[in-house]
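File shown: query.cif. Contents: mmCIF, C-alpha atoms and all ligand atoms.
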data_work
#
loop_
_atom_site.label_atom_id
_atom_site.label_comp_id
_atom_site.auth_asym_id
_atom_site.auth_seq_id
_atom_site.Cartn_x
_atom_site.Cartn_y
_atom_site.Cartn_z
CA MET A 30 0.00 0.00 0.00
CA ASP A 31 2.71 2.46 0.97
CA ASN A 32 4.44 1.72 -2.35
CA LYS A 33 1.33 2.70 -4.30
CA LEU A 34 0.92 5.90 -2.33
CA GLN A 35 4.60 6.65 -2.77
CA GLU A 36 4.29 6.25 -6.54
CA LEU A 37 1.16 8.38 -6.54
CA CYS A 38 2.97 11.18 -4.70
CA GLU A 39 5.87 11.04 -7.14
CA PHE A 40 3.52 10.95 -10.13
CA LEU A 41 1.55 13.98 -8.97
CA LYS A 42 4.72 15.92 -8.18
CA GLU A 43 6.15 15.15 -11.63
CA GLN A 44 2.96 15.84 -13.59
CA VAL A 45 1.86 19.11 -12.05
CA PRO A 46 4.55 21.79 -12.29
CA TYR A 47 3.34 23.72 -9.25
CA TYR A 48 3.09 20.63 -6.99
CA ASP A 49 6.51 20.81 -5.30
CA TRP A 50 5.88 18.59 -2.26
CA VAL A 51 3.14 15.96 -2.21
CA GLY A 52 2.45 13.79 0.81
CA PHE A 53 -0.06 11.94 2.92
CA TYR A 54 -0.66 12.34 6.63
CA PHE A 55 -2.79 9.80 8.50
CA ARG A 56 -4.32 9.78 11.94
CA ASN A 57 -1.87 8.07 14.29
CA GLY A 58 -3.94 5.26 15.76
CA SER A 59 -6.37 6.68 18.28
CA LYS A 60 -4.12 9.62 19.14
CA GLU A 61 -5.17 13.19 18.41
CA GLU A 62 -2.28 13.61 15.99
CA LEU A 63 -1.27 13.06 12.38
CA LYS A 64 1.65 10.93 11.28
CA LEU A 65 3.51 11.48 8.01
CA GLY A 66 2.98 8.75 5.42
CA PRO A 67 4.44 8.42 1.93
CA TYR A 68 5.57 11.67 0.31
CA ALA A 69 7.59 13.05 -2.60
CA GLY A 70 9.78 16.11 -2.21
CA ALA A 71 12.16 17.42 0.40
CA PRO A 72 12.29 15.55 3.73
CA THR A 73 10.39 17.26 6.52
CA ASP A 74 10.95 17.33 10.28
CA HIS A 75 7.18 17.42 10.78
CA THR A 76 6.50 13.72 10.95
CA ILE A 77 3.98 14.13 13.78
CA ILE A 78 1.47 17.01 13.81
CA PRO A 79 -0.98 17.43 16.71
CA PHE A 80 -4.64 17.95 15.78
CA GLY A 81 -5.31 21.69 15.48
CA LYS A 82 -1.71 22.63 14.70
CA GLY A 83 -0.74 23.98 11.30
CA ILE A 84 -2.83 23.70 8.17
CA CYS A 85 -2.78 19.90 8.36
CA GLY A 86 -3.83 19.77 12.00
CA GLN A 87 -6.68 22.17 11.32
CA VAL A 88 -8.00 19.99 8.50
CA ALA A 89 -7.86 16.98 10.84
CA VAL A 90 -10.53 18.69 12.95
CA SER A 91 -12.44 20.77 10.35
CA ASN A 92 -13.00 17.90 7.86
CA THR A 93 -12.87 20.40 5.01
CA ASN A 94 -10.40 21.43 2.33
CA PHE A 95 -7.95 24.16 3.26
CA VAL A 96 -6.48 26.21 0.43
CA VAL A 97 -3.73 28.64 1.44
CA PRO A 98 -2.79 31.05 -1.36
CA ASP A 99 -0.09 32.72 0.76
CA VAL A 100 1.41 30.81 3.68
CA ALA A 101 2.97 34.03 5.06
CA ALA A 102 -0.55 35.30 5.82
CA GLN A 103 -1.37 32.31 8.06
CA ASP A 104 -0.86 32.45 11.84
CA ASN A 105 -1.40 28.74 12.43
CA TYR A 106 1.07 27.41 9.90
CA ILE A 107 4.00 25.00 10.23
CA ALA A 108 6.78 25.89 7.80
CA CYS A 109 8.56 22.96 6.20
CA SER A 110 10.73 24.90 3.79
CA ILE A 111 11.36 28.57 3.18
CA THR A 112 10.69 28.07 -0.53
CA VAL A 113 7.02 27.19 0.05
CA LYS A 114 4.56 29.93 -0.91
CA ALA A 115 1.20 28.12 -0.92
CA GLU A 116 -0.43 24.95 0.34
CA ILE A 117 -3.54 22.83 -0.19
CA VAL A 118 -4.79 20.13 2.15
CA VAL A 119 -7.74 17.87 1.28
CA PRO A 120 -9.10 15.38 3.81
CA LEU A 121 -9.38 11.68 3.07
CA PHE A 122 -12.58 9.99 4.20
CA VAL A 123 -13.15 6.28 4.72
CA ASP A 124 -16.74 5.36 5.58
CA GLY A 125 -17.39 9.04 6.25
CA LYS A 126 -14.52 9.33 8.73
CA ASN A 127 -11.65 11.74 8.26
CA ILE A 128 -8.68 9.36 8.54
CA GLY A 129 -5.99 11.47 6.91
CA GLN A 130 -5.25 13.89 4.14
CA ILE A 131 -3.23 14.74 1.09
CA ASP A 132 -0.99 17.76 1.58
CA ILE A 133 0.59 19.68 -1.29
CA ASP A 134 3.07 22.53 -1.02
CA SER A 135 3.85 24.89 -3.88
CA ASN A 136 6.78 27.22 -4.44
CA THR A 137 4.49 29.26 -6.72
CA PRO A 138 2.31 31.94 -5.07
CA ASP A 139 -1.47 31.38 -5.20
CA PRO A 140 -1.45 28.50 -7.71
CA PHE A 141 -4.42 26.42 -6.48
CA THR A 142 -7.91 26.71 -7.97
CA ALA A 143 -11.22 24.95 -7.50
CA ALA A 144 -10.00 22.50 -10.17
CA ASP A 145 -7.21 21.37 -7.81
CA GLU A 146 -9.76 20.86 -5.04
CA ARG A 147 -12.04 18.77 -7.27
CA PHE A 148 -9.07 16.79 -8.60
CA LEU A 149 -7.63 16.10 -5.15
CA GLU A 150 -11.08 15.14 -3.84
CA PHE A 151 -11.15 12.59 -6.66
CA VAL A 152 -7.65 11.38 -5.74
CA THR A 153 -8.46 10.98 -2.03
CA ALA A 154 -11.72 9.17 -2.86
CA GLU A 155 -9.81 6.74 -5.10
CA VAL A 156 -7.15 6.20 -2.42
CA ALA A 157 -9.89 5.57 0.17
CA LYS A 158 -11.14 2.65 -1.94
CA ILE A 159 -7.83 0.81 -1.70
CA LEU A 160 -6.88 1.49 1.91
N1 LIG B 201 2.73 23.17 6.30
C1 LIG B 201 2.03 22.12 6.99
C2 LIG B 201 2.99 21.16 7.65
C3 LIG B 201 3.35 20.02 6.81
S1 LIG B 201 4.50 20.39 5.62
O1 LIG B 201 3.87 21.29 4.63
C4 LIG B 201 5.04 19.05 4.86
C5 LIG B 201 1.08 22.69 8.01
O2 LIG B 201 1.08 23.89 8.27
O3 LIG B 201 0.31 21.91 8.56
#

I need this file expressed as C-alpha cells, please.
Amino acid sequence: MDNKLQELCEFLKEQVPYYDWVGFYFRNGSKEELKLGPYAGAPTDHTIIPFGKGICGQVAVSNTNFVVPDVAAQDNYIACSITVKAEIVVPLFVDGKNIGQIDIDSNTPDPFTAADERFLEFVTAEVAKIL
C-alpha cells in the first residue's frame, strides 16, 4: 500500500509543475495527531502534527479542504521549507470518517484553484477505496 501511495505522490509531483511537495498524513492510531505517510519532495521534520496545529492539524478537525494562497498570511502554519509559498490540504474519508489527508506545497504563489480541489477530492476518494 505504501508503495502505491509513494508512486502516486511522485507521479503527482512530476505531472503538475506547481506541486513541489506531495504527501499523505494519517491519523496516528487513536491519538489526536497526524503521522507522516508516503511523500515526494524534500524531507520534513514534521513527521507528527498534533490535531489543530498547522494547516494539516486544522484539517484533521475541520474535515474540510484548506487552500492557502499565501502561507505568510497564516498564523497557524507550520513551515517545512522557506521556498514554500502556498499549500492545499484535502481530507481523506473512509466510511465518512476523516482518517488522513493529502498535503501539497507549492513554491508558486497562489497556484491552487477549485480545479485542484475537485481533482484532489477525486484522488483521495480513489485512495480511500484501496486502503
Ligand atoms: N505546512 C504544513 C505542515 C506540513 S509540511 O507542509 C510538509 C502545516 O502547516 O500543517

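Residues surrounding Thr112 in chain A within 12 Å are Asp49, Trp50, Ala71, Asp99, Val100, Ala101, Asp134, Ser135, Asn136, Thr137 and Pro138 of chain A [all atoms listed in the file; sequence separation below 5 positions excluded].
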
Counting all atoms listed in the file, which protein, DNA or RNA residues come within 8 Å of ligand LIG 201 (chain B), given as a list in words?
Trp50, Val51, Gly52, Thr73, His75, Ile78, Lys82, Gly83, Ile84, Cys85, Gly86, Gln87, Asn105, Tyr106, Ile107, Ala108, Cys109, Ser110, Glu116, Asp132, Ile133 and Asp134 of chain A

Got time to write the residues from that selection, C-alpha atoms, as a compact mmCIF listing (two decimals), keeping the file's coordinate frame?
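See part_3.txt below for the written result:
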# COMPACT_ATOMS: atom_id res chain seq x y z
CA TRP A 50 5.88 18.59 -2.26
CA VAL A 51 3.14 15.96 -2.21
CA GLY A 52 2.45 13.79 0.81
CA THR A 73 10.39 17.26 6.52
CA HIS A 75 7.18 17.42 10.78
CA ILE A 78 1.47 17.01 13.81
CA LYS A 82 -1.71 22.63 14.70
CA GLY A 83 -0.74 23.98 11.30
CA ILE A 84 -2.83 23.70 8.17
CA CYS A 85 -2.78 19.90 8.36
CA GLY A 86 -3.83 19.77 12.00
CA GLN A 87 -6.68 22.17 11.32
CA ASN A 105 -1.40 28.74 12.43
CA TYR A 106 1.07 27.41 9.90
CA ILE A 107 4.00 25.00 10.23
CA ALA A 108 6.78 25.89 7.80
CA CYS A 109 8.56 22.96 6.20
CA SER A 110 10.73 24.90 3.79
CA GLU A 116 -0.43 24.95 0.34
CA ASP A 132 -0.99 17.76 1.58
CA ILE A 133 0.59 19.68 -1.29
CA ASP A 134 3.07 22.53 -1.02

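Closest approach to Val96 in chain A from the set A:Asp31, A:Tyr48, A:Val123, A:Thr142 is made by A:Thr142, with distances taken over all atoms listed in the file.
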
Which residues come within 12 Å of Thr93 in chain A, counting only C-alpha atoms, excluding same-chain residues fewer than 4 positions away, as a PDB file with C-alpha atoms, in the coordinates of the input?
ATOM      1  CA  ILE A  84      -2.830  23.700   8.170  1.00  0.00           C
ATOM      2  CA  CYS A  85      -2.780  19.900   8.360  1.00  0.00           C
ATOM      3  CA  GLY A  86      -3.830  19.770  12.000  1.00  0.00           C
ATOM      4  CA  GLN A  87      -6.680  22.170  11.320  1.00  0.00           C
ATOM      5  CA  VAL A  88      -8.000  19.990   8.500  1.00  0.00           C
ATOM      6  CA  ALA A  89      -7.860  16.980  10.840  1.00  0.00           C
ATOM      7  CA  ILE A 117      -3.540  22.830  -0.190  1.00  0.00           C
ATOM      8  CA  VAL A 118      -4.790  20.130   2.150  1.00  0.00           C
ATOM      9  CA  VAL A 119      -7.740  17.870   1.280  1.00  0.00           C
ATOM     10  CA  PRO A 120      -9.100  15.380   3.810  1.00  0.00           C
ATOM     11  CA  LEU A 121      -9.380  11.680   3.070  1.00  0.00           C
ATOM     12  CA  PHE A 122     -12.580   9.990   4.200  1.00  0.00           C
ATOM     13  CA  LYS A 126     -14.520   9.330   8.730  1.00  0.00           C
ATOM     14  CA  ASN A 127     -11.650  11.740   8.260  1.00  0.00           C
ATOM     15  CA  GLY A 129      -5.990  11.470   6.910  1.00  0.00           C
ATOM     16  CA  GLN A 130      -5.250  13.890   4.140  1.00  0.00           C
ATOM     17  CA  ILE A 131      -3.230  14.740   1.090  1.00  0.00           C
ATOM     18  CA  GLU A 146      -9.760  20.860  -5.040  1.00  0.00           C
ATOM     19  CA  GLU A 150     -11.080  15.140  -3.840  1.00  0.00           C
TER      20      GLU A 150
END

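Distance-wise, CA of Lys42 in chain A and CA of Arg56 in chain A end up 22.9 Å apart.
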
N, CA, C and O atoms are what I want for range 93-109 of chain A; can you complete it accordingly and write them as a compact mmCIF listing (two decimals), keeping the file's coordinate frame?
# COMPACT_ATOMS: atom_id res chain seq x y z
N THR A 93 -12.64 19.71 6.29
CA THR A 93 -12.87 20.40 5.01
C THR A 93 -11.53 20.78 4.37
O THR A 93 -10.51 20.90 5.05
N ASN A 94 -11.59 21.00 3.07
CA ASN A 94 -10.40 21.43 2.33
C ASN A 94 -9.88 22.74 2.91
O ASN A 94 -10.65 23.58 3.37
N PHE A 95 -8.56 22.90 2.84
CA PHE A 95 -7.95 24.16 3.26
C PHE A 95 -6.99 24.59 2.15
O PHE A 95 -5.99 23.93 1.90
N VAL A 96 -7.34 25.68 1.49
CA VAL A 96 -6.48 26.21 0.43
C VAL A 96 -5.82 27.47 0.97
O VAL A 96 -6.50 28.39 1.44
N VAL A 97 -4.50 27.49 0.93
CA VAL A 97 -3.73 28.64 1.44
C VAL A 97 -2.98 29.28 0.28
O VAL A 97 -1.96 28.77 -0.18
N PRO A 98 -3.47 30.41 -0.23
CA PRO A 98 -2.79 31.05 -1.36
C PRO A 98 -1.45 31.66 -0.99
O PRO A 98 -0.55 31.75 -1.82
N ASP A 99 -1.32 32.06 0.31
CA ASP A 99 -0.09 32.72 0.76
C ASP A 99 0.19 32.27 2.20
O ASP A 99 -0.47 32.72 3.14
N VAL A 100 1.16 31.37 2.35
CA VAL A 100 1.41 30.81 3.68
C VAL A 100 1.87 31.88 4.68
O VAL A 100 1.64 31.75 5.88
N ALA A 101 2.47 32.96 4.17
CA ALA A 101 2.97 34.03 5.06
C ALA A 101 1.83 34.74 5.76
O ALA A 101 2.03 35.39 6.79
N ALA A 102 0.61 34.63 5.23
CA ALA A 102 -0.55 35.30 5.82
C ALA A 102 -1.25 34.44 6.87
O ALA A 102 -2.24 34.87 7.45
N GLN A 103 -0.74 33.23 7.10
CA GLN A 103 -1.37 32.31 8.06
C GLN A 103 -0.66 32.36 9.41
O GLN A 103 0.56 32.23 9.49
N ASP A 104 -1.43 32.49 10.49
CA ASP A 104 -0.86 32.45 11.84
C ASP A 104 -0.56 31.02 12.25
O ASP A 104 0.49 30.72 12.81
N ASN A 105 -1.53 30.14 12.00
CA ASN A 105 -1.40 28.74 12.43
C ASN A 105 -0.87 27.92 11.27
O ASN A 105 -1.63 27.21 10.59
N TYR A 106 0.42 28.06 11.05
CA TYR A 106 1.07 27.41 9.90
C TYR A 106 2.40 26.83 10.37
O TYR A 106 3.12 27.48 11.14
N ILE A 107 2.72 25.64 9.90
CA ILE A 107 4.00 25.00 10.23
C ILE A 107 4.86 25.01 8.97
O ILE A 107 4.53 24.33 7.99
N ALA A 108 5.92 25.78 8.99
CA ALA A 108 6.78 25.89 7.80
C ALA A 108 7.67 24.66 7.67
O ALA A 108 8.31 24.24 8.63
N CYS A 109 7.68 24.09 6.47
CA CYS A 109 8.56 22.96 6.20
C CYS A 109 9.79 23.40 5.43
O CYS A 109 10.85 22.82 5.55
